[in-house]
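Undergrad: A single structure is presented below for examination.
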Amino acid sequence: TLGSSRCHPDRSLAPSAMSVLVIGAGGAVGKRLVAALSARGERIVAVDRAPELPESLRSKVTHAVTNADVRDFNTINRIFKRHRFVHTVWNLAAPLSVETALNPTVAEQVTVNGMRNVLWAMYEARIPKIMFTDSIGSFGATAPRDDCTARWLAEHPLQDPGSDYGRQKRAVRRLLHEFWRTGGDPRWAVLPGVLHSESAWGKGTTEYALEALLAAATNEPFVCRVDPEVRLPMIFVDDLMRGLLSLQDTDARSLREPERGYCIPGFSFTANELFDEIRLH
């Protein structure tokens with residue numbers, strides 16, 4: 001456990017004087033989140049394992065902490081001791097589904113042990129609000145196929161997601177629940193596949209959609225890695241950012257869902273439906 005005392009924020013500072021700390025700022029979601037936070041005037045502490053932030057982010061952040069491995073508690077703890085005036089932490093340090101399947105051991109160290117380190121450091125720094133991005137990969141074979149919400153995950157904690165990726169997300173939700181019991185303010189969003197216009201995003205299952213579009217644009221052959229008749233939920237990246245920021249901003253008293261988990265809504269289609277649409281153009 002995290003101890004018997006409660007995790008309470010320092011309320012003596014105005015919100016404008018405090019920062020959002022984004023761990024994994026240079027990743028696929030992190031880059032877009034930093035841009036969205038910067039666009040509305042947030043002070044941002046960007047943390048990433050890379051030697052330097054992408055050039056597109058450098059002018060958008062107040063402070064940058066690079067070469068930071070979330071698996072090293074001492075590193076994470078030093079970051080929180082140096083940047084104490086934080087109102088929200090986003091922990092986005094987690095490999096995508098394909099990367100997790102290739103090396104589940106490393107993925108668990110980053111995703112689960114990394115979150116444990118972040119929560120311990122936050123607890124000691126008395127920073128309560130932590131944001132986490134879950135995934136549709138958390139839903140296993142027994143999950144409903146229609147209108148399935150994050151509440152289902154909270155109410156079925158023992159369901160088998162069917163992959164190391166999903167099981168690691170489940171372990172993180174357990175850590176967040178424990179953090180909530182100590183007075184923390186954890187919030188998590190279940191993300192669908194992300195549609196975007198960038199040349200590269202990451203090794204996720206739903207990246208097949210971008211790969212198919214790029215192949216069609218260059219008149220190259222395309223091998224589909226998913227069942228062409230399986231319907232998968234998607235969301236455009238700008239809509240995703242609006243949803244994530246809304247979850248961050250909502251007053252805690254208005255969060256009614258169990259464990260403060262919410263599915264980000266989108267729309268669903270099969271690979272064959274996408275291919276039919278591509279052929280029309």
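Following the order of the structure tokens, first chain is A, next is B, and so on, with residues numbered from 1 inside each chain and ligands from 1 in the order they appear.
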Could you pull the residues within 10 Å of stretch 29-40 of chain A, counting only C-alpha atoms, minus those fewer than 6 positions along the same chain, as a PyMOL selection string?

TA: chain A and resi 20-23+46-48+53-54+56-57+59-62+90-93+133+194+201-202+237-238+240-242+244-245

Undergrad: So that I can check the surroundings of stretch 97-102 of chain A, please list as a PDB file with N, CA, C and O atoms, in the first residue's frame every protein, DNA and RNA residue that reaches within 10 Å of it, counting only C-alpha atoms and ignoring chain neighbours fewer than 5 positions away.

TA:
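File written: out_5.pdb
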```pdb
ATOM      1  N   ALA A 107       7.907  -4.516 -21.695  1.00  0.00           N
ATOM      2  CA  ALA A 107       6.673  -3.741 -21.682  1.00  0.00           C
ATOM      3  C   ALA A 107       6.077  -3.670 -20.280  1.00  0.00           C
ATOM      4  O   ALA A 107       5.603  -2.617 -19.840  1.00  0.00           O
ATOM      5  N   GLU A 108       6.116  -4.774 -19.564  1.00  0.00           N
ATOM      6  CA  GLU A 108       5.582  -4.777 -18.198  1.00  0.00           C
ATOM      7  C   GLU A 108       6.413  -3.895 -17.276  1.00  0.00           C
ATOM      8  O   GLU A 108       5.876  -3.193 -16.412  1.00  0.00           O
ATOM      9  N   THR A 111       5.304  -0.300 -18.358  1.00  0.00           N
ATOM     10  CA  THR A 111       3.903   0.040 -18.140  1.00  0.00           C
ATOM     11  C   THR A 111       3.498  -0.084 -16.678  1.00  0.00           C
ATOM     12  O   THR A 111       2.926   0.854 -16.105  1.00  0.00           O
ATOM     13  N   SER A 135      -6.886   1.137 -23.148  1.00  0.00           N
ATOM     14  CA  SER A 135      -7.042   0.760 -24.546  1.00  0.00           C
ATOM     15  C   SER A 135      -8.196  -0.213 -24.727  1.00  0.00           C
ATOM     16  O   SER A 135      -8.570  -0.945 -23.792  1.00  0.00           O
ATOM     17  N   GLY A 137      -7.829  -2.758 -26.142  1.00  0.00           N
ATOM     18  CA  GLY A 137      -7.171  -4.046 -25.950  1.00  0.00           C
ATOM     19  C   GLY A 137      -7.403  -4.629 -24.565  1.00  0.00           C
ATOM     20  O   GLY A 137      -7.059  -5.779 -24.314  1.00  0.00           O
ATOM     21  N   SER A 163      -4.355 -10.973 -23.805  1.00  0.00           N
ATOM     22  CA  SER A 163      -3.028 -10.564 -24.286  1.00  0.00           C
ATOM     23  C   SER A 163      -2.237  -9.976 -23.131  1.00  0.00           C
ATOM     24  O   SER A 163      -2.802  -9.494 -22.133  1.00  0.00           O
ATOM     25  N   ASP A 164      -0.907  -9.999 -23.258  1.00  0.00           N
ATOM     26  CA  ASP A 164      -0.064  -9.339 -22.264  1.00  0.00           C
ATOM     27  C   ASP A 164      -0.370  -7.851 -22.208  1.00  0.00           C
ATOM     28  O   ASP A 164      -0.360  -7.242 -21.128  1.00  0.00           O
ATOM     29  N   TYR A 165      -0.641  -7.272 -23.346  1.00  0.00           N
ATOM     30  CA  TYR A 165      -0.958  -5.840 -23.433  1.00  0.00           C
ATOM     31  C   TYR A 165      -2.163  -5.510 -22.548  1.00  0.00           C
ATOM     32  O   TYR A 165      -2.120  -4.598 -21.724  1.00  0.00           O
ATOM     33  N   GLY A 166      -3.242  -6.270 -22.699  1.00  0.00           N
ATOM     34  CA  GLY A 166      -4.440  -6.028 -21.915  1.00  0.00           C
ATOM     35  C   GLY A 166      -4.240  -6.317 -20.436  1.00  0.00           C
ATOM     36  O   GLY A 166      -4.754  -5.596 -19.573  1.00  0.00           O
ATOM     37  N   GLN A 168      -1.486  -6.015 -18.764  1.00  0.00           N
ATOM     38  CA  GLN A 168      -0.696  -4.944 -18.172  1.00  0.00           C
ATOM     39  C   GLN A 168      -1.554  -3.710 -17.914  1.00  0.00           C
ATOM     40  O   GLN A 168      -1.392  -3.034 -16.884  1.00  0.00           O
ATOM     41  N   GLY A 202       3.012   4.680 -34.595  1.00  0.00           N
ATOM     42  CA  GLY A 202       3.523   3.661 -33.690  1.00  0.00           C
ATOM     43  C   GLY A 202       3.056   2.296 -34.145  1.00  0.00           C
ATOM     44  O   GLY A 202       2.351   2.168 -35.148  1.00  0.00           O
ATOM     45  N   LYS A 203       3.451   1.274 -33.403  1.00  0.00           N
ATOM     46  CA  LYS A 203       3.115  -0.100 -33.778  1.00  0.00           C
ATOM     47  C   LYS A 203       1.889  -0.573 -33.001  1.00  0.00           C
ATOM     48  O   LYS A 203       1.978  -1.350 -32.067  1.00  0.00           O
ATOM     49  N   GLY A 204       0.734  -0.072 -33.419  1.00  0.00           N
ATOM     50  CA  GLY A 204      -0.527  -0.473 -32.821  1.00  0.00           C
ATOM     51  C   GLY A 204      -1.345  -1.284 -33.810  1.00  0.00           C
ATOM     52  O   GLY A 204      -1.169  -1.168 -35.033  1.00  0.00           O
ATOM     53  N   THR A 205      -2.266  -2.080 -33.290  1.00  0.00           N
ATOM     54  CA  THR A 205      -3.080  -2.941 -34.155  1.00  0.00           C
ATOM     55  C   THR A 205      -3.870  -2.137 -35.166  1.00  0.00           C
ATOM     56  O   THR A 205      -3.970  -2.505 -36.349  1.00  0.00           O
ATOM     57  N   THR A 206      -4.458  -1.030 -34.732  1.00  0.00           N
ATOM     58  CA  THR A 206      -5.328  -0.254 -35.615  1.00  0.00           C
ATOM     59  C   THR A 206      -4.564   0.634 -36.583  1.00  0.00           C
ATOM     60  O   THR A 206      -5.186   1.349 -37.380  1.00  0.00           O
TER      61      THR A 206
END
```

Undergrad: Write down as a count of residues only the residues belonging to stretch 18-267 of chain A that are assigned alpha helix (DSSP H) by DSSP computed on the backbone.

TA: 96

Undergrad: For A:Ala121, please output as a PyMOL selection string all residues within 7 Å (counting only C-alpha atoms; exclusion window: fewer than 2 positions along the same chain).

TA: chain A and resi 76-77+80+117-119+123-125

Undergrad: Any chance you could export the current selection's N, CA, C and O atoms as a compact mmCIF listing (two decimals), in the first residue's frame?

TA:
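Result written to result03.txt:
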```
# COMPACT_ATOMS: atom_id res chain seq x y z
N ILE A 76 12.60 9.23 -11.46
CA ILE A 76 11.25 9.80 -11.41
C ILE A 76 11.06 10.64 -10.15
O ILE A 76 10.48 11.73 -10.19
N ASN A 77 11.56 10.16 -9.04
CA ASN A 77 11.41 10.89 -7.78
C ASN A 77 12.12 12.24 -7.84
O ASN A 77 11.61 13.25 -7.34
N PHE A 80 9.97 14.77 -9.70
CA PHE A 80 8.87 15.33 -8.92
C PHE A 80 9.36 16.24 -7.80
O PHE A 80 8.66 17.19 -7.42
N ASN A 117 6.20 3.43 -9.95
CA ASN A 117 7.19 4.45 -9.59
C ASN A 117 6.59 5.85 -9.63
O ASN A 117 6.84 6.68 -8.74
N VAL A 118 5.80 6.12 -10.65
CA VAL A 118 5.18 7.44 -10.78
C VAL A 118 4.24 7.71 -9.62
O VAL A 118 4.25 8.80 -9.02
N LEU A 119 3.42 6.73 -9.27
CA LEU A 119 2.46 6.92 -8.18
C LEU A 119 3.16 7.12 -6.83
O LEU A 119 2.72 7.93 -6.01
N TYR A 123 2.80 10.45 -4.68
CA TYR A 123 2.34 10.36 -3.30
C TYR A 123 3.26 11.13 -2.37
O TYR A 123 2.80 11.90 -1.51
N GLU A 124 4.56 10.97 -2.56
CA GLU A 124 5.51 11.67 -1.70
C GLU A 124 5.49 13.17 -1.97
O GLU A 124 5.70 13.98 -1.05
N ALA A 125 5.21 13.57 -3.21
CA ALA A 125 5.16 14.99 -3.56
C ALA A 125 3.78 15.60 -3.31
O ALA A 125 3.60 16.81 -3.50
```

Undergrad: From the list A:Cys224, A:Ala150, A:Leu158, A:Leu247, which residue is nearest A:Arg187 when using only C-alpha atoms?

TA: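 Checking each of A:Cys224, A:Ala150, A:Leu158, A:Leu247 against A:Arg187, counting only C-alpha atoms, the winner is A:Leu247.
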
Undergrad: Work out how far atom CA of A:Phe275 is from atom CA of A:Leu213, in Å to one decimal.

TA: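 Distance reported for this atom pair: 8.8 Å.
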
Undergrad: Using backbone DSSP assignments, extract all strand (DSSP E) residues from stretch 177-265 of chain A; output them as a list in words.

TA: Asp185, Pro186, Arg187, Trp188, Ala189, Val190, Leu191, Gly193, Val194, Leu195, Leu232, Pro233, Met234, Ile235, Phe236, Gly261, Tyr262 and Cys263 of chain A

Undergrad: For the residues selected in the previous step, produce a file with N, CA and C atoms as a compact mmCIF listing (two decimals), in the first residue's frame.

TA:
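Listed below is the output, out.txt:
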```txt
# COMPACT_ATOMS: atom_id res chain seq x y z
N ASP A 185 -6.37 11.26 -7.13
CA ASP A 185 -7.41 11.56 -8.11
C ASP A 185 -7.02 10.93 -9.45
N PRO A 186 -7.07 9.60 -9.54
CA PRO A 186 -6.73 8.95 -10.81
C PRO A 186 -7.89 8.97 -11.79
N ARG A 187 -7.59 9.15 -13.06
CA ARG A 187 -8.60 9.13 -14.12
C ARG A 187 -8.02 8.39 -15.31
N TRP A 188 -8.80 7.54 -15.94
CA TRP A 188 -8.28 6.81 -17.09
C TRP A 188 -9.30 6.79 -18.21
N ALA A 189 -8.78 6.84 -19.41
CA ALA A 189 -9.60 6.86 -20.61
C ALA A 189 -9.27 5.64 -21.47
N VAL A 190 -10.31 4.92 -21.91
CA VAL A 190 -10.12 3.79 -22.82
C VAL A 190 -10.13 4.33 -24.24
N LEU A 191 -9.00 4.19 -24.91
CA LEU A 191 -8.84 4.76 -26.25
C LEU A 191 -9.17 3.75 -27.33
N GLY A 193 -8.86 2.97 -31.63
CA GLY A 193 -7.79 3.23 -32.58
C GLY A 193 -7.79 4.70 -32.96
N VAL A 194 -6.62 5.24 -33.28
CA VAL A 194 -6.50 6.67 -33.55
C VAL A 194 -6.22 6.90 -35.03
N LEU A 195 -7.08 7.68 -35.67
CA LEU A 195 -6.89 8.08 -37.06
C LEU A 195 -6.19 9.43 -37.09
N LEU A 232 -13.71 -2.53 -35.71
CA LEU A 232 -12.90 -1.92 -34.66
C LEU A 232 -13.26 -0.44 -34.50
N PRO A 233 -13.32 0.04 -33.25
CA PRO A 233 -13.63 1.45 -33.02
C PRO A 233 -12.44 2.35 -33.31
N MET A 234 -12.72 3.50 -33.86
CA MET A 234 -11.68 4.47 -34.21
C MET A 234 -12.10 5.86 -33.78
N ILE A 235 -11.12 6.75 -33.71
CA ILE A 235 -11.40 8.16 -33.43
C ILE A 235 -10.35 9.00 -34.13
N PHE A 236 -10.75 10.18 -34.62
CA PHE A 236 -9.77 11.09 -35.21
C PHE A 236 -9.00 11.76 -34.08
N GLY A 261 -13.12 5.78 -14.73
CA GLY A 261 -12.72 5.36 -16.05
C GLY A 261 -13.81 5.64 -17.07
N TYR A 262 -13.40 6.12 -18.25
CA TYR A 262 -14.36 6.47 -19.30
C TYR A 262 -13.85 6.02 -20.66
N CYS A 263 -14.74 5.49 -21.48
CA CYS A 263 -14.39 5.18 -22.86
C CYS A 263 -14.51 6.44 -23.70
```

Undergrad: Which residue out of A:His177, A:Arg225, A:Lys81, A:His156 has the minimum interatomic distance to A:Ser138 when only C-alpha atoms are used?

TA: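 Among A:His177, A:Arg225, A:Lys81, A:His156, it is A:His156 that comes nearest to A:Ser138.
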
Undergrad: If I take atom CA of A:Glu52 and atom CA of A:Leu96, how far is one from the other in Å, to one decimal?

TA: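 Between atom CA of A:Glu52 and atom CA of A:Leu96 the gap works out to 20.8 Å.
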
Undergrad: Which residues, written as a PyMOL selection string, have at least one atom at most 7 Å from A:Ala154, with only C-alpha atoms counted and residues fewer than 3 positions away on the same chain left out?

TA: chain A and resi 150-151+157+258-259

Undergrad: Rounded to one decimal in Å, what is the spacing between atom CA of A:Gln109 and atom CA of A:Phe139?

TA: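 Between atom CA of A:Gln109 and atom CA of A:Phe139 the gap works out to 21.5 Å.
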
Undergrad: A:His281, A:Thr142, A:Ala17, A:Ile79: which is nearest A:Gln159, counting only C-alpha atoms?

TA: A:Thr142

Undergrad: Between A:Glu273, A:Asp146, A:Gly243, A:Arg173, single out the one closest to A:Glu229, counting only C-alpha atoms.

TA: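 Closest residue, counting only C-alpha atoms: A:Glu273.
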
Undergrad: Within 10 Å of A:Val230, counting only C-alpha atoms, which residues qualify if same-chain residues fewer than 3 places away don't, as a compact mmCIF listing (two decimals) with N, CA and C atoms, in the first residue's frame?

TA:
```txt
# COMPACT_ATOMS: atom_id res chain seq x y z
N VAL A 226 -5.12 -7.47 -39.86
CA VAL A 226 -6.28 -7.76 -39.01
C VAL A 226 -7.33 -8.50 -39.83
N ASP A 227 -8.22 -9.18 -39.15
CA ASP A 227 -9.34 -9.84 -39.82
C ASP A 227 -10.17 -8.78 -40.52
N SER A 268 -17.05 2.97 -35.64
CA SER A 268 -16.46 1.66 -35.93
C SER A 268 -16.63 1.29 -37.40
N PHE A 269 -15.64 0.58 -37.93
CA PHE A 269 -15.74 0.05 -39.29
C PHE A 269 -14.80 -1.14 -39.41
N THR A 270 -15.06 -1.96 -40.42
CA THR A 270 -14.20 -3.10 -40.71
C THR A 270 -13.14 -2.70 -41.73
N ALA A 271 -12.12 -3.52 -41.85
CA ALA A 271 -11.09 -3.26 -42.86
C ALA A 271 -11.70 -3.31 -44.26
N ASN A 272 -12.61 -4.25 -44.50
CA ASN A 272 -13.24 -4.33 -45.82
C ASN A 272 -14.05 -3.08 -46.14
```

Undergrad: Which residue out of A:Ala215, A:Pro228, A:His87, A:Pro95 has the minimum interatomic distance to A:Gly184 when only C-alpha atoms are used?

TA: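 Of all the options, A:His87 lies closest to A:Gly184.
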
Undergrad: Show which residues sit within 9 Å of A:Phe222, as a CSV table (one decimal) with all heavy atoms, in the first residue's frame. Count only C-alpha atoms, and ignore same-chain residues fewer than 5 positions away.

TA:
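around-v4.csv, written as the output of this step:
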```csv
chain,number,residue,atom,x,y,z
A,211,GLU,N,-1.8,2.6,-42.8
A,211,GLU,CA,-1.0,1.8,-43.7
A,211,GLU,C,-1.7,1.6,-45.0
A,211,GLU,O,-1.1,1.7,-46.1
A,211,GLU,CB,-0.5,0.5,-43.0
A,211,GLU,CG,0.4,0.8,-41.8
A,211,GLU,CD,0.6,-0.5,-41.0
A,211,GLU,OE1,0.0,-1.5,-41.4
A,211,GLU,OE2,1.4,-0.5,-40.0
A,212,ALA,N,-3.0,1.2,-44.9
A,212,ALA,CA,-3.8,1.0,-46.1
A,212,ALA,C,-3.9,2.2,-46.9
A,212,ALA,O,-3.8,2.2,-48.2
A,212,ALA,CB,-5.1,0.4,-45.7
A,215,ALA,N,-0.6,3.0,-48.6
A,215,ALA,CA,-0.3,2.1,-49.7
A,215,ALA,C,-1.2,2.5,-51.0
A,215,ALA,O,-0.7,2.4,-52.1
A,215,ALA,CB,-0.7,0.7,-49.3
A,216,ALA,N,-2.4,2.8,-50.7
A,216,ALA,CA,-3.3,3.2,-51.8
A,216,ALA,C,-2.8,4.5,-52.5
A,216,ALA,O,-2.8,4.6,-53.7
A,216,ALA,CB,-4.7,3.4,-51.3
```
